[in-house]
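Peer 1: Pasting run29.txt below, which is compact mmCIF, C-alpha atoms.
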```txt
# COMPACT_ATOMS: atom_id res chain seq x y z
CA MET A 254 -55.45 -52.95 118.37
CA GLU A 255 -58.38 -51.58 116.40
CA VAL A 256 -59.33 -53.76 113.44
CA CYS A 257 -61.98 -52.77 110.94
CA ALA A 258 -64.91 -54.99 109.98
CA LEU A 259 -64.79 -56.44 106.47
CA PRO A 260 -67.35 -58.17 104.27
CA PRO A 261 -66.80 -61.94 104.11
CA LEU A 262 -64.26 -63.28 101.62
CA PRO A 263 -63.72 -66.80 102.90
CA ARG A 264 -61.18 -68.16 100.43
CA TYR A 265 -58.89 -67.52 97.48
CA PRO A 266 -60.41 -67.57 93.98
CA THR A 267 -59.33 -70.20 91.47
CA VAL A 268 -58.27 -69.40 87.89
CA ASP A 269 -61.78 -70.06 86.59
CA GLU A 270 -63.42 -68.09 89.40
CA LEU A 271 -61.20 -65.10 88.65
CA ARG A 272 -62.30 -65.05 85.05
CA ALA A 273 -65.97 -65.57 85.97
CA GLY A 274 -65.87 -62.82 88.59
CA ALA A 275 -64.27 -60.33 86.20
CA ALA A 276 -66.69 -61.25 83.41
CA ALA A 277 -69.65 -60.65 85.74
CA LEU A 278 -68.34 -57.20 86.65
CA ALA A 279 -67.79 -56.32 82.99
CA ALA A 280 -71.32 -57.50 82.11
CA ARG A 281 -72.87 -55.38 84.88
CA HIS A 282 -70.86 -52.29 83.92
CA PRO A 283 -70.51 -52.42 80.11
CA GLY A 284 -69.74 -48.71 79.80
CA ARG A 285 -66.94 -48.70 82.35
CA ALA A 286 -65.40 -52.20 82.46
CA ARG A 287 -63.94 -54.30 79.64
CA LEU A 288 -62.45 -57.80 79.74
CA ARG A 289 -60.03 -58.90 77.03
CA ARG A 290 -57.50 -61.62 76.43
CA VAL A 291 -53.91 -60.32 76.30
CA GLY A 292 -51.93 -63.54 76.02
CA THR A 293 -51.80 -67.29 76.51
CA SER A 294 -49.92 -69.37 79.08
CA ARG A 295 -47.59 -72.25 78.26
CA ALA A 296 -50.43 -74.71 78.92
CA GLY A 297 -52.95 -72.73 76.85
CA ASP A 298 -54.75 -70.79 79.59
CA PRO A 299 -55.85 -67.29 78.54
CA LEU A 300 -54.33 -64.27 80.29
CA TRP A 301 -57.23 -61.91 81.04
CA LEU A 302 -57.10 -58.15 81.53
CA LEU A 303 -59.97 -56.27 83.18
CA SER A 304 -59.84 -52.54 82.35
CA ILE A 305 -61.94 -50.04 84.29
CA GLY A 306 -62.34 -46.38 83.30
CA ARG A 307 -61.40 -44.57 80.11
CA GLY A 308 -58.88 -41.98 81.22
CA ASP A 309 -55.52 -41.33 79.59
CA ARG A 310 -53.49 -42.10 82.71
CA GLN A 311 -52.87 -45.84 82.77
CA ALA A 312 -52.32 -47.94 85.91
CA LEU A 313 -51.38 -51.62 85.64
CA VAL A 314 -51.96 -54.11 88.46
CA VAL A 315 -50.47 -57.61 88.05
CA ALA A 316 -51.90 -60.46 90.13
CA GLY A 317 -50.57 -63.99 90.45
CA PRO A 318 -46.92 -63.52 89.38
CA HIS A 319 -45.95 -66.36 91.74
CA ALA A 320 -47.96 -69.55 91.60
CA ASN A 321 -48.27 -70.03 95.36
CA GLU A 322 -49.33 -66.43 96.09
CA PRO A 323 -53.07 -66.32 95.30
CA VAL A 324 -53.93 -63.23 97.34
CA GLY A 325 -53.52 -61.01 94.27
CA GLY A 326 -56.54 -62.62 92.62
CA ALA A 327 -58.71 -61.84 95.63
CA THR A 328 -57.28 -58.32 95.67
CA VAL A 329 -57.99 -57.47 92.02
CA LEU A 330 -61.63 -58.58 92.32
CA ARG A 331 -62.01 -56.54 95.50
CA LEU A 332 -60.24 -53.58 93.91
CA ALA A 333 -62.37 -53.78 90.75
CA ALA A 334 -65.56 -53.63 92.77
CA ARG A 335 -64.24 -50.60 94.64
CA LEU A 336 -63.24 -48.81 91.43
CA LEU A 337 -66.66 -49.41 89.90
CA GLY A 338 -68.30 -48.05 93.02
CA ASP A 339 -66.30 -44.81 93.16
CA ALA A 340 -65.92 -42.81 89.95
CA ARG A 341 -63.41 -40.52 91.66
CA LEU A 342 -60.86 -43.30 91.27
CA THR A 343 -61.35 -43.53 87.49
CA GLU A 344 -63.13 -40.64 85.75
CA GLY A 345 -62.32 -38.25 88.58
CA ALA A 346 -58.63 -39.11 88.29
CA GLY A 347 -58.55 -39.23 84.48
CA ALA A 348 -57.35 -42.80 84.82
CA THR A 349 -57.82 -46.27 83.41
CA TRP A 350 -57.07 -49.19 85.71
CA ASN A 351 -55.81 -52.36 84.00
CA LEU A 352 -56.05 -55.45 86.20
CA LEU A 353 -54.20 -58.54 84.96
CA LEU A 354 -56.11 -61.31 86.73
CA CYS A 355 -53.29 -63.87 86.91
CA LEU A 356 -49.85 -63.85 85.29
CA ASP A 357 -49.15 -67.54 85.97
CA PRO A 358 -52.46 -69.43 85.64
CA ASP A 359 -50.68 -72.73 85.03
CA GLY A 360 -48.92 -72.46 88.36
CA LEU A 361 -52.03 -71.30 90.19
CA ARG A 362 -53.94 -74.35 88.92
CA ARG A 363 -51.28 -76.58 90.48
CA ASN A 364 -52.01 -74.95 93.86
CA GLU A 365 -55.78 -75.42 93.71
CA GLY A 366 -55.62 -78.38 96.10
CA TRP A 367 -55.21 -76.03 99.06
CA LEU A 368 -56.84 -72.79 97.79
CA SER A 369 -60.29 -73.53 99.16
CA GLY A 370 -59.06 -74.29 102.69
CA PRO A 371 -59.03 -75.25 105.44
CA TYR A 372 -55.90 -73.15 105.75
CA THR A 373 -53.26 -74.98 107.75
CA LEU A 374 -49.51 -74.87 107.23
CA GLY A 375 -49.36 -78.64 106.81
CA ARG A 376 -52.01 -78.68 104.11
CA TYR A 377 -50.37 -75.76 102.32
CA VAL A 378 -46.84 -77.19 102.16
CA ARG A 379 -48.04 -80.66 101.10
CA GLN A 380 -49.83 -79.17 98.07
CA PHE A 381 -47.60 -76.14 97.44
CA PHE A 382 -46.16 -75.56 93.99
CA ARG A 383 -43.89 -72.84 92.67
CA PRO A 384 -41.88 -73.33 89.49
CA CYS A 385 -38.13 -73.06 89.30
CA PHE A 386 -36.62 -69.61 88.99
CA MET A 387 -36.24 -69.73 85.21
CA GLU A 388 -39.98 -70.43 84.82
CA GLN A 389 -41.22 -67.49 86.89
CA PRO A 390 -42.64 -64.91 84.47
CA GLU A 391 -41.54 -61.66 86.12
CA TRP A 392 -37.83 -62.36 85.66
CA LEU A 393 -35.74 -61.45 82.60
CA PRO A 394 -32.47 -63.31 83.27
CA HIS A 395 -31.45 -63.00 79.60
CA GLY A 396 -32.97 -59.58 78.99
CA PRO A 397 -36.36 -58.55 77.54
CA ASP A 398 -35.43 -59.38 73.95
CA ARG A 399 -34.82 -63.03 74.89
CA ALA A 400 -37.79 -63.54 77.18
CA ALA A 401 -38.61 -67.25 76.89
CA LEU A 402 -42.01 -67.52 78.56
CA PRO A 403 -45.19 -66.49 76.72
CA GLU A 404 -46.53 -65.02 79.98
CA THR A 405 -43.46 -62.78 80.23
CA ARG A 406 -43.78 -61.66 76.62
CA ALA A 407 -47.47 -60.87 77.15
CA LEU A 408 -46.65 -58.67 80.15
CA LEU A 409 -43.86 -56.88 78.28
CA ALA A 410 -46.25 -56.21 75.38
CA LEU A 411 -48.86 -54.87 77.79
CA GLN A 412 -46.33 -52.54 79.38
CA ALA A 413 -45.32 -51.23 75.94
CA GLU A 414 -48.97 -50.73 74.96
CA LEU A 415 -50.10 -48.97 78.14
CA ARG A 416 -46.91 -47.17 79.23
CA PRO A 417 -48.40 -46.98 82.72
CA PHE A 418 -47.42 -44.28 85.17
CA LEU A 419 -47.82 -46.94 87.89
CA GLN A 420 -47.38 -50.71 87.88
CA VAL A 421 -48.23 -52.73 90.98
CA SER A 422 -47.21 -56.37 91.36
CA LEU A 423 -49.24 -58.25 93.99
CA HIS A 424 -47.29 -60.80 96.00
CA GLY A 425 -47.94 -62.83 99.12
CA ALA A 426 -45.50 -64.05 101.74
CA ASP A 427 -46.49 -67.42 103.18
CA VAL A 428 -45.17 -66.50 106.65
CA GLY A 429 -44.08 -63.07 107.89
CA GLY A 430 -45.47 -59.57 107.52
CA GLY A 431 -46.53 -56.91 105.05
CA PHE A 432 -44.11 -54.68 103.16
CA ALA A 433 -43.61 -52.90 99.84
CA GLU A 434 -40.75 -52.56 97.37
CA LEU A 435 -40.45 -49.59 94.98
CA THR A 436 -38.40 -48.73 91.93
CA HIS A 437 -38.79 -45.03 92.86
CA ASP A 438 -39.50 -43.45 96.21
CA LEU A 439 -43.10 -42.49 96.92
CA PRO A 440 -42.87 -40.24 99.98
CA GLY A 441 -45.80 -40.92 102.26
CA LEU A 442 -46.26 -44.58 101.34
CA ALA A 443 -44.61 -45.85 104.53
CA ARG A 444 -47.11 -43.89 106.62
CA ARG A 445 -50.07 -45.21 104.59
CA LEU A 446 -48.75 -48.76 104.85
CA ALA A 447 -48.36 -48.39 108.61
CA HIS A 448 -51.95 -47.17 108.94
CA ALA A 449 -53.29 -50.13 106.93
CA SER A 450 -51.19 -52.52 109.01
CA VAL A 451 -52.60 -51.22 112.29
CA ARG A 452 -56.19 -51.18 111.08
CA LEU A 453 -56.03 -54.71 109.68
CA GLY A 454 -53.85 -56.40 112.27
CA ILE A 455 -51.02 -57.21 109.84
CA PRO A 456 -47.47 -56.63 111.15
CA ARG A 457 -45.03 -54.61 109.08
CA GLU A 458 -41.95 -56.59 108.10
CA LEU A 459 -39.18 -54.22 109.16
CA GLY A 460 -36.27 -56.45 108.13
CA SER A 461 -37.41 -58.31 105.04
CA TYR A 462 -35.17 -61.15 103.92
CA ASP A 463 -36.08 -60.31 100.30
CA ALA A 464 -34.65 -56.80 100.70
CA LEU A 465 -31.81 -57.58 103.12
CA TYR A 466 -29.23 -55.62 101.10
CA TRP A 467 -31.59 -53.04 99.59
CA PRO A 468 -31.94 -49.36 100.60
CA VAL A 469 -34.70 -48.64 103.11
CA LEU A 470 -37.09 -45.85 102.10
CA GLY A 471 -39.14 -46.03 105.28
CA PRO A 472 -40.37 -48.65 107.76
CA ALA A 473 -41.28 -51.76 105.69
CA VAL A 474 -40.70 -49.92 102.38
CA TYR A 475 -37.62 -50.84 100.33
CA ARG A 476 -35.98 -49.53 97.16
CA ILE A 477 -35.55 -52.06 94.34
CA PRO A 478 -31.96 -51.57 93.12
CA PRO A 479 -30.97 -51.55 89.44
CA PRO A 480 -30.39 -55.01 87.98
CA ARG A 481 -26.84 -56.33 88.01
CA ARG A 482 -24.94 -59.29 86.69
CA GLY A 483 -24.37 -62.04 89.21
CA SER A 484 -24.69 -65.71 89.96
CA LEU A 485 -27.89 -67.72 89.78
CA THR A 486 -27.88 -67.77 93.59
CA ALA A 487 -28.01 -63.97 93.72
CA ALA A 488 -30.70 -63.94 91.04
CA ILE A 489 -32.89 -66.36 92.99
CA THR A 490 -32.37 -64.89 96.44
CA GLU A 491 -32.05 -61.17 95.72
CA ALA A 492 -33.95 -60.59 92.45
CA ALA A 493 -30.61 -59.28 91.17
CA VAL A 494 -31.51 -59.51 87.48
CA ASP A 495 -33.48 -57.48 84.98
CA SER A 496 -37.17 -57.94 85.57
CA THR A 497 -40.61 -56.77 84.53
CA TRP A 498 -40.45 -54.56 87.64
CA THR A 499 -37.56 -52.47 86.33
CA HIS A 500 -38.14 -52.83 82.57
CA PRO A 501 -40.95 -50.22 82.25
CA GLN A 502 -38.81 -47.46 83.76
CA ARG A 503 -38.15 -46.53 80.12
CA TYR A 504 -41.79 -45.38 80.01
CA GLY A 505 -41.49 -43.40 83.22
CA THR A 506 -43.28 -46.12 85.18
CA VAL A 507 -43.05 -46.44 88.95
CA THR A 508 -43.34 -50.08 90.04
CA ALA A 509 -44.56 -51.08 93.49
CA VAL A 510 -44.39 -54.67 94.75
CA VAL A 511 -46.92 -55.20 97.55
CA GLU A 512 -46.48 -58.17 99.87
CA ALA A 513 -49.18 -59.48 102.22
CA PRO A 514 -48.66 -62.48 104.55
CA MET A 515 -50.85 -65.56 104.76
CA TRP A 516 -49.57 -66.40 108.25
CA ALA A 517 -48.42 -63.38 110.24
CA VAL A 518 -45.54 -63.32 112.73
CA ASP A 519 -45.71 -60.27 114.96
CA THR A 520 -41.99 -60.22 115.81
CA VAL A 521 -41.10 -59.26 112.21
CA ALA A 522 -42.15 -55.76 113.37
CA ASP A 523 -39.65 -55.69 116.25
CA GLY A 524 -37.06 -53.10 115.30
CA SER A 525 -35.13 -53.34 118.58
CA PRO A 526 -31.44 -54.28 118.69
CA PRO A 527 -30.94 -58.04 119.15
CA ALA A 528 -29.58 -59.36 122.42
CA ASP A 529 -26.89 -61.46 120.70
CA ARG A 530 -26.77 -60.93 116.94
CA ASP A 531 -23.97 -63.38 116.20
CA ALA A 532 -25.43 -66.19 118.27
CA ALA A 533 -28.76 -65.81 116.48
CA LEU A 534 -27.05 -65.80 113.08
CA ARG A 535 -25.04 -68.91 113.92
CA ALA A 536 -28.22 -70.68 115.02
CA VAL A 537 -30.07 -69.75 111.81
CA SER A 538 -27.21 -70.70 109.49
CA GLY A 539 -26.49 -73.91 111.43
CA THR A 540 -30.13 -75.00 111.21
CA LEU A 541 -30.21 -74.29 107.47
CA ARG A 542 -27.03 -76.31 106.90
CA ARG A 543 -28.36 -79.24 108.92
CA ASP A 544 -31.72 -79.21 107.12
CA THR A 545 -30.01 -78.96 103.74
CA ARG A 546 -27.78 -81.99 104.41
CA LEU A 547 -30.82 -83.99 105.45
CA LEU A 548 -32.75 -82.98 102.33
CA HIS A 549 -29.78 -83.78 100.09
CA ARG A 550 -29.73 -87.32 101.52
CA LEU A 551 -33.46 -87.74 100.95
CA VAL A 552 -33.18 -86.51 97.34
CA ALA A 553 -30.29 -88.91 96.67
CA ARG A 554 -32.38 -91.82 97.98
CA LEU A 555 -35.52 -90.78 96.16
CA ARG A 556 -34.43 -89.56 92.73
CA PRO A 557 -33.46 -92.94 91.20
CA HIS A 558 -36.93 -94.31 91.94
CA LEU A 559 -39.01 -91.45 90.50
CA PRO A 560 -40.59 -91.71 87.05
CA GLY A 561 -38.91 -89.67 84.35
CA THR A 562 -42.05 -87.70 83.54
CA ALA A 563 -42.46 -84.00 82.78
CA ASP A 564 -44.52 -83.64 85.94
CA THR A 565 -41.74 -85.08 88.09
CA ALA A 566 -39.24 -82.76 86.40
CA ARG A 567 -41.42 -79.74 87.24
CA LEU A 568 -41.45 -80.74 90.90
CA LEU A 569 -37.71 -81.44 91.10
CA ALA A 570 -36.54 -78.31 89.24
CA PRO A 571 -37.40 -75.94 92.14
CA VAL A 572 -35.97 -78.51 94.58
CA ASP A 573 -32.65 -78.19 92.76
CA ASP A 574 -32.91 -74.37 92.99
CA TYR A 575 -33.46 -74.50 96.74
CA LEU A 576 -30.67 -76.98 97.39
CA LEU A 577 -28.35 -74.79 95.31
CA VAL A 578 -28.99 -71.60 97.28
CA CYS A 579 -29.35 -72.99 100.82
CA PRO A 580 -25.63 -73.63 101.55
CA ARG A 581 -24.65 -70.26 100.10
CA LEU A 582 -27.24 -68.45 102.17
CA ALA A 583 -26.06 -70.27 105.29
CA ASP A 584 -22.51 -69.05 104.59
CA ALA A 585 -23.71 -65.50 103.89
CA TRP A 586 -25.59 -65.37 107.22
CA ASP A 587 -22.89 -67.01 109.36
CA PRO A 588 -20.66 -64.37 111.02
CA GLY A 589 -17.84 -66.91 111.22
CA THR A 590 -17.85 -67.89 107.53
CA ASP A 591 -16.50 -66.06 104.49
CA ASP A 592 -19.00 -66.64 101.69
CA GLY A 593 -16.56 -65.33 99.07
CA THR A 594 -18.58 -62.25 98.08
CA GLY A 595 -16.68 -59.77 100.25
CA ARG A 596 -20.01 -58.32 101.33
CA GLU A 597 -20.90 -57.80 104.96
CA LEU A 598 -24.35 -58.07 106.44
CA PRO A 599 -26.05 -54.73 107.08
CA PRO A 600 -26.90 -53.66 110.64
CA LEU A 601 -29.51 -56.12 111.88
CA SER A 602 -32.48 -55.63 114.18
CA THR A 603 -34.49 -58.33 115.90
CA ALA A 604 -36.89 -58.11 112.94
CA HIS A 605 -34.08 -59.01 110.52
CA LEU A 606 -33.10 -62.06 112.55
CA VAL A 607 -36.69 -63.26 112.75
CA ALA A 608 -37.04 -62.80 108.97
CA LEU A 609 -33.88 -64.85 108.34
CA ARG A 610 -35.14 -67.63 110.61
CA ILE A 611 -38.45 -67.66 108.71
CA ALA A 612 -36.67 -67.66 105.35
CA GLY A 613 -34.40 -70.57 106.22
CA ARG A 614 -37.34 -72.62 107.43
CA ARG A 615 -39.32 -71.67 104.30
CA LEU A 616 -36.66 -73.05 101.96
CA ALA A 617 -36.49 -76.35 103.82
CA LEU A 618 -40.28 -76.69 104.05
CA ARG A 619 -40.81 -75.98 100.37
CA THR A 620 -38.18 -78.54 99.41
CA ALA A 621 -39.69 -81.22 101.64
CA GLY A 622 -43.20 -80.39 100.42
CA LEU A 623 -42.22 -80.77 96.76
CA LEU A 624 -40.47 -84.08 97.49
CA HIS A 625 -43.59 -85.27 99.31
CA GLN A 626 -45.67 -84.45 96.22
CA ALA A 627 -43.22 -86.24 93.95
CA VAL A 628 -43.56 -89.43 96.02
CA THR A 629 -47.34 -89.29 96.34
CA ALA A 630 -47.76 -88.48 92.63
CA ALA A 631 -45.68 -91.55 91.77
CA GLY A 632 -48.10 -93.70 93.79
CA ARG A 633 -45.32 -95.73 95.42
CA ASP A 634 -42.44 -95.19 97.83
CA PRO A 635 -39.75 -97.78 97.11
CA ALA A 636 -37.10 -95.54 98.71
CA GLY A 637 -39.07 -95.47 101.97
CA VAL A 638 -38.79 -91.69 102.37
CA LEU A 639 -42.45 -90.78 102.86
CA PRO A 640 -42.62 -91.42 106.65
CA GLU A 641 -39.52 -89.28 107.18
CA LEU A 642 -40.91 -86.50 104.97
CA GLU A 643 -44.15 -86.57 106.94
CA ARG A 644 -42.25 -86.20 110.22
CA LEU A 645 -40.14 -83.35 108.85
CA LEU A 646 -43.15 -81.46 107.51
CA ASP A 647 -44.99 -81.81 110.81
CA ARG A 648 -41.99 -80.72 112.84
CA TRP A 649 -41.07 -77.75 110.66
CA CYS A 650 -44.68 -76.53 110.47
CA ALA A 651 -44.84 -76.75 114.26
CA ASP A 652 -41.70 -74.57 114.41
CA TYR A 653 -43.55 -71.86 112.46
CA ARG A 654 -46.71 -72.29 114.53
CA ASP A 655 -45.20 -72.66 117.98
CA GLY A 656 -41.69 -71.26 117.69
CA CYS A 657 -42.61 -68.19 115.62
CA ALA A 658 -46.25 -67.84 116.76
CA ALA A 659 -47.45 -67.75 113.15
CA ARG A 660 -51.18 -66.97 112.93
CA TRP A 661 -53.50 -67.19 109.94
CA VAL A 662 -54.61 -63.89 108.37
CA PRO A 663 -58.10 -64.19 106.85
CA VAL A 664 -58.17 -63.82 103.07
CA ALA A 665 -60.38 -60.73 103.34
CA ARG A 666 -57.78 -58.95 105.44
CA GLN A 667 -54.94 -59.88 103.11
CA ALA A 668 -56.87 -58.53 100.12
CA GLU A 669 -58.03 -55.38 101.89
CA TYR A 670 -54.47 -54.65 103.00
CA GLN A 671 -53.23 -54.89 99.41
CA CYS A 672 -56.13 -52.76 98.15
CA ARG A 673 -55.27 -49.97 100.55
CA VAL A 674 -51.57 -50.00 99.69
CA VAL A 675 -52.37 -50.07 95.95
CA LEU A 676 -54.70 -47.08 96.23
CA ALA A 677 -52.13 -45.18 98.28
CA ALA A 678 -49.42 -45.88 95.69
CA PHE A 679 -51.82 -44.77 92.93
CA GLU A 680 -52.45 -41.44 94.61
CA LEU A 681 -48.81 -40.75 95.44
CA ALA A 682 -47.44 -41.85 92.04
CA GLY A 683 -50.14 -39.78 90.33
CA ARG A 684 -49.07 -36.68 92.19
CA GLN A 685 -45.45 -37.27 91.25
CA ALA A 686 -46.27 -37.86 87.58
CA SER A 687 -48.42 -34.73 87.40
CA ALA A 688 -45.78 -32.59 89.06
CA ALA A 689 -43.05 -33.91 86.75
CA ALA A 690 -45.16 -33.28 83.63
CA ARG A 691 -45.74 -29.58 84.35
CA PRO A 692 -43.15 -26.92 83.60
CA GLY A 693 -42.00 -25.01 86.63
CA GLY A 694 -41.31 -27.91 88.95
CA PRO A 695 -43.38 -29.77 91.49
CA GLY A 696 -46.93 -28.83 92.17
CA ARG A 697 -50.29 -30.39 92.85
CA ASP A 698 -52.65 -31.60 90.16
CA ARG A 699 -56.24 -31.67 91.35
CA ARG A 700 -56.99 -34.80 89.32
CA ALA A 701 -54.14 -36.66 90.94
CA ALA A 702 -55.40 -36.13 94.46
CA VAL A 703 -57.29 -39.40 94.39
CA PRO A 704 -59.19 -40.25 97.57
CA THR A 705 -58.27 -43.51 99.24
CA ARG A 706 -60.76 -45.48 101.28
CA ARG A 707 -61.43 -43.57 104.48
CA GLU A 708 -60.77 -45.45 107.67
```
The structure in this file should be written as structure tokens.

Peer 2:
Amino acid sequence: MEVCALPPLPRYPTVDELRAGAAALAARHPGRARLRRVGTSRAGDPLWLLSIGRGDRQALVVAGPHANEPVGGATVLRLAARLLGDARLTEGAGATWNLLLCLDPDGLRRNEGWLSGPYTLGRYVRQFFRPCFMEQPEWLPHGPDRAALPETRALLALQAELRPFLQVSLHGADVGGGFAELTHDLPGLARRLAHASVRLGIPRELGSYDALYWPVLGPAVYRIPPPRRGSLTAAITEAAVDSTWTHPQRYGTVTAVVEAPMWAVDTVADGSPPADRDAALRAVSGTLRRDTRLLHRLVARLRPHLPGTADTARLLAPVDDYLLVCPRLADAWDPGTDDGTGRELPPLSTAHLVALRIAGRRLALRTAGLLHQAVTAAGRDPAGVLPELERLLDRWCADYRDGCAARWVPVARQAEYQCRVVLAAFELAGRQASAAARPGGPGRDRRAAVPTRRE
């Protein structure tokens, strides 16, 4: 496999390094780059927007929507440098790029214990943090008019101000492959994504757990369905609620969600039929049920001994989310169990089954990692659960490493992969917007034919 050489980018930037890096770029390019504050987090951290170019066509790139997915910060700094080095992407395209450096700085700060490396699965899960579903700023479970989080309200205001033709949300899978999700089809994106995957050694996730029930637009490209009413389980596991992805459709915005893995598993790209689908599904669902029962017992032993602090509550809230959804997912994946929804699983490839195995393990690992933090933060272990949590974390990380052959993807490759997919989406969405704006049907606008980085 041919893999291109990249300049060194050894680690993920912190919240403060993101702001400092963007400020340095704005200072060096005062005529083309501007940094402004567009909101404030719950803990008082500024939300910073770096704008590059002065064209009428607005593109919005959102980094850091999930606290444990720091690749977006590395990507926006890399993307900003590329935009400032190639005027064809700004002035030549009549565009302004608006890069939101981090949507959840409070959450990213809680992950700074592992951001600088060394990057091992054990170190990551022991210092991992991601807030509960209701405190993740991209979701609108009660609609945009009742958005509770200041970060969410800041993003909604930015969307209303810019009315972007393209919004890109930068996400990172901890284990798996690269893929994209779209509110509208962008023909040609699957081919561009495939090219970036080959060049950078990142497998395409052909059966994403996140998009298990979503329409497929092309290999590793999925269509985000309209929001629908449903249970909290569906909201958590399927993004089946209104969100800041779908909200700006009222402005004609195309939203692309770009996922890049930290640890890659090559078999997520295996689109072959499975040897025994039902046996694999029973194994995955059985493992998830067994892990969930074990975690429930540990939580029951531990909870009475934890301090009733706000910090403990923040750690336990996502634990409760995970323990809520795990049994229902196990039922949904088990071919011998009726989960009560009346919905059947779609046709499944080997890639789908690998993705489900990874997802089940992810939920258990995250739960155990958060419980481990709760005990260590308390400074004492009267319930005696810490040795068992240590053994579980070691064993489940080894399952990713040895059972799934998960391999670390250098930060530079993760960020370059996202940059290439973002630039491809920008070009393709620009062509669509230009064609739609002209009377007489589709055509080609010379400004919209934005060059992407040549391989």

Peer 1: Which residue, A:Val268, A:Gly430, A:Leu623, A:Gln412, has the smallest gap to Asp357 (chain A) when you use all atoms listed in the file?

Peer 2: A:Val268

Peer 1: Could you state the separation of CA of Val469 (chain A) and CA of Ser450 (chain A) in Å, given to one decimal place?

Peer 2: 17.9 Å

Peer 1: Write out as a Markdown table the residues of region 345-448 of chain A that have any atom within 6 Å of an atom of region 492-510 of chain A, one row each with the nearest atom pair and its distance in Å to one decimal, counting all atoms listed in the file, sorted by chain and then rising number.

Peer 2:
```
| residue | atom | partner | partner_atom | distance |
| --- | --- | --- | --- | --- |
| A:Glu391 | CA | A:Thr497 | CA | 5.2 |
| A:Trp392 | CA | A:Ser496 | CA | 4.5 |
| A:Leu393 | CA | A:Ser496 | CA | 4.8 |
| A:Pro394 | CA | A:Val494 | CA | 5.8 |
| A:Arg416 | CA | A:Tyr504 | CA | 5.5 |
| A:Pro417 | CA | A:Thr506 | CA | 5.7 |
| A:Phe418 | CA | A:Thr506 | CA | 4.5 |
| A:Leu419 | CA | A:Val507 | CA | 4.9 |
| A:Gln420 | CA | A:Thr508 | CA | 4.6 |
| A:Val421 | CA | A:Ala509 | CA | 4.7 |
| A:Ser422 | CA | A:Val510 | CA | 4.7 |
| A:Ala433 | CA | A:Val510 | CA | 5.4 |
| A:Glu434 | CA | A:Val510 | CA | 5.0 |
| A:Leu435 | CA | A:Ala509 | CA | 4.6 |
| A:Thr436 | CA | A:Thr508 | CA | 5.5 |
| A:His437 | CA | A:Val507 | CA | 6.0 |
```

Peer 1: Please indicate the distance in Å from CA of Tyr575 (chain A) to CA of Leu465 (chain A), rounded to one decimal place.

Peer 2: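 Separation of CA of Tyr575 (chain A) and CA of Leu465 (chain A): 18.2 Å.
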
Peer 1: Which centre and edge lengths in Å to one decimal define the box along x, y and z that fits every listed atom of region 648-665 of chain A plus 8 Å per side, as lines of an AutoDock Vina configuration file?

Peer 2:
```
center_x = -50.7
center_y = -70.7
center_z = 110.5
size_x = 35.3
size_y = 36.0
size_z = 30.9
```

Peer 1: Hey, can you check how far CA of Asp463 (chain A) sits from CA of Thr540 (chain A)?

Peer 2: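 For CA of Asp463 (chain A) relative to CA of Thr540 (chain A), the distance reads 19.2 Å.
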
Peer 1: Using only C-alpha atoms, pick whichever of A:Ala275, A:Leu423, A:Val674, A:Ala627 has the shortest atom-to-atom distance to Pro560 (chain A).

Peer 2: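 Closest residue, counting only C-alpha atoms: A:Ala627.
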
Peer 1: Taking all atoms listed in the file into account, name the residue in A:Tyr475, A:Pro635, A:Arg310, A:Gly326 that is nearest to Gly683 (chain A).

Peer 2: A:Arg310

Peer 1: With distances taken over only C-alpha atoms, which of A:Leu547, A:Ala583, A:Ala553, A:Val428 is nearest to Val607 (chain A)?

Peer 2: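 Nearest to Val607 (chain A): A:Val428.
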
Peer 1: Around (-42.3, -81.6, 98.6), as given in the file, which residues come within 10 Å? Count only C-alpha atoms and list them as a compact mmCIF listing (two decimals) with C-alpha atoms, keeping the file's coordinate frame.

Peer 2:
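Writing the result to out_17.txt gives the following:
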```
# COMPACT_ATOMS: atom_id res chain seq x y z
CA VAL A 378 -46.84 -77.19 102.16
CA ARG A 379 -48.04 -80.66 101.10
CA GLN A 380 -49.83 -79.17 98.07
CA PHE A 381 -47.60 -76.14 97.44
CA PHE A 382 -46.16 -75.56 93.99
CA LEU A 568 -41.45 -80.74 90.90
CA LEU A 569 -37.71 -81.44 91.10
CA PRO A 571 -37.40 -75.94 92.14
CA VAL A 572 -35.97 -78.51 94.58
CA ALA A 617 -36.49 -76.35 103.82
CA LEU A 618 -40.28 -76.69 104.05
CA ARG A 619 -40.81 -75.98 100.37
CA THR A 620 -38.18 -78.54 99.41
CA ALA A 621 -39.69 -81.22 101.64
CA GLY A 622 -43.20 -80.39 100.42
CA LEU A 623 -42.22 -80.77 96.76
CA LEU A 624 -40.47 -84.08 97.49
CA HIS A 625 -43.59 -85.27 99.31
CA GLN A 626 -45.67 -84.45 96.22
CA ALA A 627 -43.22 -86.24 93.95
CA VAL A 628 -43.56 -89.43 96.02
CA THR A 629 -47.34 -89.29 96.34
CA LEU A 642 -40.91 -86.50 104.97
CA GLU A 643 -44.15 -86.57 106.94
CA LEU A 646 -43.15 -81.46 107.51
```

Peer 1: Name the closest residue to Ala401 (chain A) among the candidates A:Trp467, A:Arg295, A:Arg481, A:Leu453; distances are taken between atoms, counting all atoms listed in the file.

Peer 2: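 Smallest distance to Ala401 (chain A) is found for A:Arg295.
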
Peer 1: With only C-alpha atoms as the counted atoms, please give the residues lying no more than 10 Å from Ser304 (chain A), apart from itself and same-chain residues fewer than 4 positions off, as a list in words.

Peer 2: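 The filter keeps Ala275, Ala279, Arg285, Ala286, Arg287, Leu288, Arg289, Gln311, Ala312, Leu313, Ala333, Thr349, Trp350, Asn351, Leu352 and Leu353 of chain A.
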